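**Student:** Just passing along the structure, written as structure tokens.
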2 protein chains.
Amino acid sequence: MTSERPVEDLVVGVLGGTGPQGRGLGVRLASAGQRVLLGSRDAERAAEVAATVAARAATAAADGVQVSVTGGSNADVAGAADLVIVAVPFAGHAELLTELAGSLAGKVVIDCVVPMGFDELGAYVLDVAEGSVTQQAAALLPDSQVVGAFHHLSAVSLEDLSHPTLEGDVMVVGDVRAATDLVQALAGRLPGMRGVYAGRLRNARQVEALTINLVSVNRRYKVHAGIRVTDV
Amino acid sequence: MTSERPVEDLVVGVLGGTGPQGRGLGVRLASAGQRVLLGSRDAERAAEVAATVAARAATAAADGVQVSVTGGSNADVAGAADLVIVAVPFAGHAELLTELAGSLAGKVVIDCVVPMGFDELGAYVLDVAEGSVTQQAAALLPDSQVVGAFHHLSAVSLEDLSHPTLEGDVMVVGDVRAATDLVQALAGRLPGMRGVYAGRLRNARQVEALTINLVSVNRRYKVHAGIRVTDV
């Protein structure tokens, strides 16, 4: 299913779509004309957030762009979407994907979850038995094509529509070329951004974890940092 | 010693200074006017390489910039330099630092070593018991101030003086502010580059390992990729 339809025709589901990262990706993709389904444990809450996100996306969309954002349970969204972004907190990651493995079979699943803990010294990387969160997803979803991407986008910048263009690249990791190509194309739908292929799943860990360094950058410089890959 | 003299007055030693990364950093720093000592296991070889690097740096240096590059054994360089960059292969990292711990005491030591292995699938991250190469250095050099930096600079780009300006940032990790400030200042001596503080030593692993993703980027796009931190 990855190669048959152009990316702009695909319905994008966001699991954990009512959190900051999920909402931010949702509003930006919707304002670019992508049909978006926001999922949550609480379907009513998802519907409420989707209405707000749709209204915000409409204010940012170019003339003639159809904005479509609806909400539902994570399970309904997993079933209905063509392409699914996982944006839940790490603490609920394994359990949710175990539950939804059937609905996600045959689909490209984009994991943007960061294994981040905080203590008195700031942010640090949580250990993941599978090596990375993306590899955990791949282990739990053997019939999906799992890709890691969208880790380095600040939720604050995504939601701040007063800046129509984002600054940064989306590092995309995965083992299946058709799937990473599709996710790169989806990243390219975000204004100002590019999807850059950045290696295999076994090298996902440091892409996820670099987000934690960006938290340190943000704190030191009072910014919302992202990453650009130079020379590409 | 970190705060008393401006960075441009410090003599920079490079352990493993005859390898591609060491030579590349050496030629760029020397052409910016930094006094450079290139170290090698083989002092004669270091002297030969230093002469070549000095000649190349002189062709790239602005008028009036004094170019000074000399070579010596790693031990002599560790003793004579004010500030030391470790650019040896990972395989020899722990042994060399154990030997030189005395000479490096009281100094800022910059580790740019990447724990990288290769197999039929490409590059991957080697496990380091201490968490990262930089943390290994810190464990072996308890009386030095260890900073991680300069991982993401392509040796090819560093050595290609036909491009006078480099494109990218130097992510700097460390636990001592005076030391990370000094290393940021040193990074700023490279034309076009900035040193960006990117967190504590415990978050060094992913900065080192991201270099391995840049290898994948280079292979896919036929480039010599680096990293820019956006919004800083």
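In the structure tokens, chains take the letters A, B, ... in the order shown, each chain's residues start at 1, and ligands count up from 1 in the order shown.
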Could you list, as a PyMOL selection string, every residue of chain B that has an atom within 6 Å of an atom of chain A, counting only C-alpha atoms?

**Tutor:** chain B and resi 198-199+206+209-210+213+216-217+225-231

**Student:** For C-alpha atoms, I'd like the residues from the last selection saved as a PDB file, in the first residue's frame.

**Tutor:**
```
ATOM      1  CA  ALA B 198      24.333  20.479  23.890  1.00  0.00           C
ATOM      2  CA  GLY B 199      24.070  19.002  27.362  1.00  0.00           C
ATOM      3  CA  GLN B 206      23.836  10.080  21.147  1.00  0.00           C
ATOM      4  CA  ALA B 209      26.520   8.008  17.711  1.00  0.00           C
ATOM      5  CA  LEU B 210      24.682  10.447  15.446  1.00  0.00           C
ATOM      6  CA  ASN B 213      23.628   8.309  10.916  1.00  0.00           C
ATOM      7  CA  SER B 216      24.186   6.765   6.171  1.00  0.00           C
ATOM      8  CA  VAL B 217      23.270  10.241   4.942  1.00  0.00           C
ATOM      9  CA  ALA B 225      26.882  15.847   5.870  1.00  0.00           C
ATOM     10  CA  GLY B 226      27.090  17.818   9.073  1.00  0.00           C
ATOM     11  CA  ILE B 227      24.592  19.178  11.577  1.00  0.00           C
ATOM     12  CA  ARG B 228      23.209  22.644  12.212  1.00  0.00           C
ATOM     13  CA  VAL B 229      21.227  23.394  15.329  1.00  0.00           C
ATOM     14  CA  THR B 230      18.327  25.634  14.327  1.00  0.00           C
ATOM     15  CA  ASP B 231      16.920  28.603  16.254  1.00  0.00           C
TER      16      ASP B 231
END
```

**Student:** What's the 7 Å shell around segment 11-15 of chain A, counting only C-alpha atoms, without same-chain residues fewer than 4 positions away, as a VMD selection string?

**Tutor:** chain A and resid 22 34 to 40 74 77 to 78 81 to 88

**Student:** Could the residues in this selection be saved with all heavy atoms as a short mmCIF file (atom, residue, chain, number, x, y, z; two decimals), in the first residue's frame?

**Tutor:**
```cif
data_model
loop_
_atom_site.label_atom_id
_atom_site.label_comp_id
_atom_site.auth_asym_id
_atom_site.auth_seq_id
_atom_site.Cartn_x
_atom_site.Cartn_y
_atom_site.Cartn_z
N GLY A 22 1.52 15.50 19.15
CA GLY A 22 0.48 15.01 18.25
C GLY A 22 -0.37 16.16 17.70
O GLY A 22 -0.64 16.22 16.49
N GLN A 34 -3.39 17.76 4.40
CA GLN A 34 -3.44 16.32 4.70
C GLN A 34 -4.67 16.02 5.55
O GLN A 34 -4.96 16.77 6.48
CB GLN A 34 -2.16 15.96 5.48
CG GLN A 34 -1.77 14.52 5.40
CD GLN A 34 -1.08 14.18 4.09
OE1 GLN A 34 -0.29 14.96 3.58
NE2 GLN A 34 -1.39 13.02 3.55
N ARG A 35 -5.42 14.97 5.22
CA ARG A 35 -6.52 14.58 6.11
C ARG A 35 -5.94 13.92 7.36
O ARG A 35 -5.11 13.01 7.25
CB ARG A 35 -7.47 13.61 5.38
CG ARG A 35 -8.45 14.35 4.48
CD ARG A 35 -9.34 13.39 3.72
NE ARG A 35 -8.55 12.58 2.81
CZ ARG A 35 -8.97 11.44 2.25
NH1 ARG A 35 -10.19 10.97 2.54
NH2 ARG A 35 -8.21 10.77 1.41
N VAL A 36 -6.40 14.39 8.53
CA VAL A 36 -5.81 13.97 9.80
C VAL A 36 -6.88 13.41 10.74
O VAL A 36 -7.95 13.99 10.87
CB VAL A 36 -5.09 15.18 10.47
CG1 VAL A 36 -4.62 14.82 11.88
CG2 VAL A 36 -3.90 15.65 9.62
N LEU A 37 -6.54 12.31 11.37
CA LEU A 37 -7.36 11.73 12.44
C LEU A 37 -6.56 11.78 13.73
O LEU A 37 -5.46 11.22 13.79
CB LEU A 37 -7.69 10.27 12.13
CG LEU A 37 -8.34 9.95 10.79
CD1 LEU A 37 -8.57 8.43 10.68
CD2 LEU A 37 -9.67 10.70 10.67
N LEU A 38 -7.09 12.46 14.74
CA LEU A 38 -6.39 12.52 16.02
C LEU A 38 -6.97 11.48 16.96
O LEU A 38 -8.18 11.46 17.21
CB LEU A 38 -6.54 13.92 16.65
CG LEU A 38 -5.90 15.08 15.89
CD1 LEU A 38 -6.09 16.38 16.69
CD2 LEU A 38 -4.42 14.84 15.63
N GLY A 39 -6.13 10.63 17.47
CA GLY A 39 -6.57 9.58 18.39
C GLY A 39 -6.20 9.89 19.82
O GLY A 39 -5.22 10.58 20.09
N SER A 40 -6.99 9.35 20.74
CA SER A 40 -6.73 9.51 22.17
C SER A 40 -7.36 8.31 22.89
O SER A 40 -8.21 7.62 22.32
CB SER A 40 -7.35 10.81 22.67
OG SER A 40 -7.33 10.88 24.08
N ASN A 74 -7.92 5.88 19.97
CA ASN A 74 -6.70 5.41 19.31
C ASN A 74 -6.99 4.19 18.45
O ASN A 74 -6.45 4.06 17.34
CB ASN A 74 -5.63 5.08 20.36
CG ASN A 74 -4.93 6.34 20.89
OD1 ASN A 74 -4.69 7.30 20.15
ND2 ASN A 74 -4.61 6.33 22.18
N VAL A 77 -8.78 5.21 15.23
CA VAL A 77 -7.84 5.93 14.35
C VAL A 77 -6.84 4.95 13.71
O VAL A 77 -6.57 5.02 12.51
CB VAL A 77 -7.12 7.04 15.15
CG1 VAL A 77 -5.89 7.55 14.41
CG2 VAL A 77 -8.10 8.18 15.44
N ALA A 78 -6.34 4.02 14.52
CA ALA A 78 -5.41 3.02 13.98
C ALA A 78 -6.05 2.23 12.86
O ALA A 78 -5.41 1.91 11.85
CB ALA A 78 -4.93 2.09 15.10
N ALA A 81 -6.93 4.97 9.60
CA ALA A 81 -5.90 5.75 8.91
C ALA A 81 -5.13 4.89 7.92
O ALA A 81 -5.02 3.67 8.07
CB ALA A 81 -4.94 6.35 9.93
N ASP A 82 -4.58 5.55 6.89
CA ASP A 82 -3.70 4.86 5.95
C ASP A 82 -2.28 4.75 6.49
O ASP A 82 -1.53 3.82 6.16
CB ASP A 82 -3.63 5.65 4.63
CG ASP A 82 -4.98 5.75 3.95
OD1 ASP A 82 -5.65 4.70 3.81
OD2 ASP A 82 -5.38 6.88 3.60
N LEU A 83 -1.92 5.71 7.29
CA LEU A 83 -0.53 5.93 7.73
C LEU A 83 -0.67 6.44 9.16
O LEU A 83 -1.50 7.33 9.42
CB LEU A 83 0.02 7.02 6.81
CG LEU A 83 1.42 7.53 6.92
CD1 LEU A 83 2.42 6.42 6.64
CD2 LEU A 83 1.63 8.66 5.91
N VAL A 84 0.10 5.91 10.09
CA VAL A 84 -0.14 6.21 11.50
C VAL A 84 1.12 6.74 12.17
O VAL A 84 2.19 6.11 12.08
CB VAL A 84 -0.65 4.95 12.24
CG1 VAL A 84 -0.80 5.21 13.73
CG2 VAL A 84 -1.98 4.49 11.64
N ILE A 85 0.98 7.87 12.85
CA ILE A 85 2.07 8.43 13.65
C ILE A 85 1.81 8.09 15.12
O ILE A 85 0.71 8.31 15.62
CB ILE A 85 2.13 9.97 13.49
CG1 ILE A 85 2.41 10.35 12.03
CG2 ILE A 85 3.18 10.56 14.42
CD1 ILE A 85 2.34 11.86 11.76
N VAL A 86 2.85 7.56 15.78
CA VAL A 86 2.73 7.23 17.21
C VAL A 86 3.37 8.36 18.00
O VAL A 86 4.58 8.58 17.90
CB VAL A 86 3.42 5.89 17.53
CG1 VAL A 86 3.19 5.52 18.99
CG2 VAL A 86 2.94 4.80 16.59
N ALA A 87 2.55 9.05 18.79
CA ALA A 87 3.03 10.23 19.53
C ALA A 87 2.58 10.19 20.98
O ALA A 87 2.30 11.22 21.59
CB ALA A 87 2.53 11.51 18.84
N VAL A 88 2.54 8.99 21.53
CA VAL A 88 2.14 8.83 22.94
C VAL A 88 3.35 8.97 23.85
O VAL A 88 4.49 8.85 23.39
CB VAL A 88 1.47 7.45 23.16
CG1 VAL A 88 0.20 7.33 22.32
CG2 VAL A 88 2.43 6.30 22.83
#
```

**Student:** Segment 98-218 of chain B: which residues are helix (DSSP H, G or I) by DSSP, as a VMD selection string?

**Tutor:** chain B and resid 98 to 104 133 to 140 155 to 159 177 to 187 201 to 203 205 to 218

**Student:** Kindly export the residues of the current selection with N, CA and C atoms, as a short mmCIF file (atom, residue, chain, number, x, y, z; two decimals), in the first residue's frame.

**Tutor:**
```
data_model
loop_
_atom_site.label_atom_id
_atom_site.label_comp_id
_atom_site.auth_asym_id
_atom_site.auth_seq_id
_atom_site.Cartn_x
_atom_site.Cartn_y
_atom_site.Cartn_z
N THR B 98 44.74 5.97 29.38
CA THR B 98 45.28 5.42 30.63
C THR B 98 46.76 5.77 30.75
N GLU B 99 47.51 5.61 29.66
CA GLU B 99 48.94 5.94 29.65
C GLU B 99 49.22 7.41 29.93
N LEU B 100 48.35 8.27 29.37
CA LEU B 100 48.66 9.71 29.36
C LEU B 100 47.94 10.49 30.46
N ALA B 101 47.25 9.79 31.35
CA ALA B 101 46.42 10.48 32.35
C ALA B 101 47.22 11.52 33.13
N GLY B 102 48.46 11.19 33.46
CA GLY B 102 49.27 12.13 34.24
C GLY B 102 49.52 13.43 33.48
N SER B 103 49.94 13.31 32.21
CA SER B 103 50.24 14.51 31.41
C SER B 103 48.99 15.33 31.14
N LEU B 104 47.83 14.69 31.13
CA LEU B 104 46.59 15.40 30.79
C LEU B 104 45.91 16.00 32.02
N VAL B 133 32.01 7.21 24.68
CA VAL B 133 33.46 7.36 24.64
C VAL B 133 33.90 8.52 25.53
N THR B 134 33.12 9.59 25.50
CA THR B 134 33.46 10.77 26.30
C THR B 134 33.43 10.43 27.80
N GLN B 135 32.43 9.65 28.18
CA GLN B 135 32.37 9.25 29.60
C GLN B 135 33.50 8.28 29.94
N GLN B 136 33.92 7.48 28.97
CA GLN B 136 35.09 6.62 29.20
C GLN B 136 36.32 7.49 29.46
N ALA B 137 36.48 8.53 28.64
CA ALA B 137 37.61 9.45 28.85
C ALA B 137 37.53 10.10 30.23
N ALA B 138 36.34 10.53 30.61
CA ALA B 138 36.19 11.18 31.91
C ALA B 138 36.54 10.22 33.05
N ALA B 139 36.19 8.95 32.88
CA ALA B 139 36.49 7.96 33.92
C ALA B 139 38.00 7.71 34.01
N LEU B 140 38.67 7.73 32.86
CA LEU B 140 40.11 7.45 32.84
C LEU B 140 40.95 8.68 33.18
N ALA B 155 35.81 14.60 7.95
CA ALA B 155 37.25 14.75 7.72
C ALA B 155 37.52 15.24 6.30
N VAL B 156 36.72 14.76 5.36
CA VAL B 156 36.90 15.18 3.96
C VAL B 156 36.68 16.69 3.83
N SER B 157 35.61 17.20 4.44
CA SER B 157 35.34 18.64 4.37
C SER B 157 36.41 19.45 5.10
N LEU B 158 36.86 18.92 6.23
CA LEU B 158 37.90 19.63 6.98
C LEU B 158 39.17 19.76 6.14
N GLU B 159 39.51 18.72 5.43
CA GLU B 159 40.77 18.74 4.67
C GLU B 159 40.65 19.43 3.32
N ARG B 177 31.21 24.16 33.12
CA ARG B 177 30.86 25.28 32.25
C ARG B 177 32.09 25.96 31.64
N ALA B 178 33.14 26.18 32.45
CA ALA B 178 34.33 26.86 31.91
C ALA B 178 34.94 26.05 30.77
N ALA B 179 34.89 24.74 30.90
CA ALA B 179 35.49 23.88 29.87
C ALA B 179 34.63 23.87 28.61
N THR B 180 33.31 23.75 28.75
CA THR B 180 32.48 23.75 27.54
C THR B 180 32.52 25.12 26.87
N ASP B 181 32.59 26.19 27.66
CA ASP B 181 32.72 27.53 27.07
C ASP B 181 34.00 27.64 26.24
N LEU B 182 35.10 27.12 26.79
CA LEU B 182 36.38 27.18 26.08
C LEU B 182 36.30 26.40 24.76
N VAL B 183 35.69 25.23 24.81
CA VAL B 183 35.61 24.39 23.60
C VAL B 183 34.68 25.04 22.58
N GLN B 184 33.61 25.67 23.05
CA GLN B 184 32.77 26.42 22.11
C GLN B 184 33.57 27.53 21.44
N ALA B 185 34.40 28.19 22.21
CA ALA B 185 35.22 29.26 21.63
C ALA B 185 36.20 28.70 20.60
N LEU B 186 36.78 27.55 20.90
CA LEU B 186 37.70 26.91 19.95
C LEU B 186 36.95 26.54 18.66
N ALA B 187 35.76 25.98 18.81
CA ALA B 187 34.96 25.62 17.63
C ALA B 187 34.68 26.86 16.78
N LEU B 201 27.61 15.40 30.13
CA LEU B 201 28.35 14.21 29.68
C LEU B 201 27.45 12.98 29.56
N ARG B 202 26.48 12.85 30.43
CA ARG B 202 25.64 11.64 30.37
C ARG B 202 24.80 11.62 29.10
N ASN B 203 24.72 12.74 28.40
CA ASN B 203 24.03 12.77 27.12
C ASN B 203 25.01 12.87 25.94
N ARG B 205 26.46 10.15 24.53
CA ARG B 205 26.39 8.95 23.69
C ARG B 205 25.72 9.22 22.35
N GLN B 206 24.59 9.89 22.39
CA GLN B 206 23.84 10.08 21.15
C GLN B 206 24.49 11.13 20.25
N VAL B 207 25.24 12.04 20.83
CA VAL B 207 25.97 13.01 19.99
C VAL B 207 27.07 12.27 19.22
N GLU B 208 27.80 11.43 19.93
CA GLU B 208 28.82 10.61 19.25
C GLU B 208 28.17 9.73 18.18
N ALA B 209 27.11 9.04 18.58
CA ALA B 209 26.52 8.01 17.71
C ALA B 209 25.81 8.60 16.50
N LEU B 210 25.36 9.84 16.60
CA LEU B 210 24.68 10.45 15.45
C LEU B 210 25.61 10.51 14.24
N THR B 211 26.91 10.54 14.49
CA THR B 211 27.88 10.50 13.40
C THR B 211 27.64 9.30 12.49
N ILE B 212 27.17 8.23 13.08
CA ILE B 212 26.91 7.00 12.32
C ILE B 212 25.72 7.20 11.39
N ASN B 213 24.73 7.96 11.82
CA ASN B 213 23.63 8.31 10.92
C ASN B 213 24.12 9.20 9.79
N LEU B 214 25.07 10.07 10.10
CA LEU B 214 25.61 10.93 9.05
C LEU B 214 26.36 10.11 8.00
N VAL B 215 26.94 9.00 8.41
CA VAL B 215 27.55 8.08 7.44
C VAL B 215 26.48 7.55 6.49
N SER B 216 25.30 7.22 7.03
CA SER B 216 24.19 6.76 6.17
C SER B 216 23.71 7.88 5.25
N VAL B 217 23.64 9.09 5.77
CA VAL B 217 23.27 10.24 4.94
C VAL B 217 24.27 10.40 3.81
N ASN B 218 25.55 10.33 4.15
CA ASN B 218 26.60 10.51 3.13
C ASN B 218 26.47 9.47 2.02
#
```
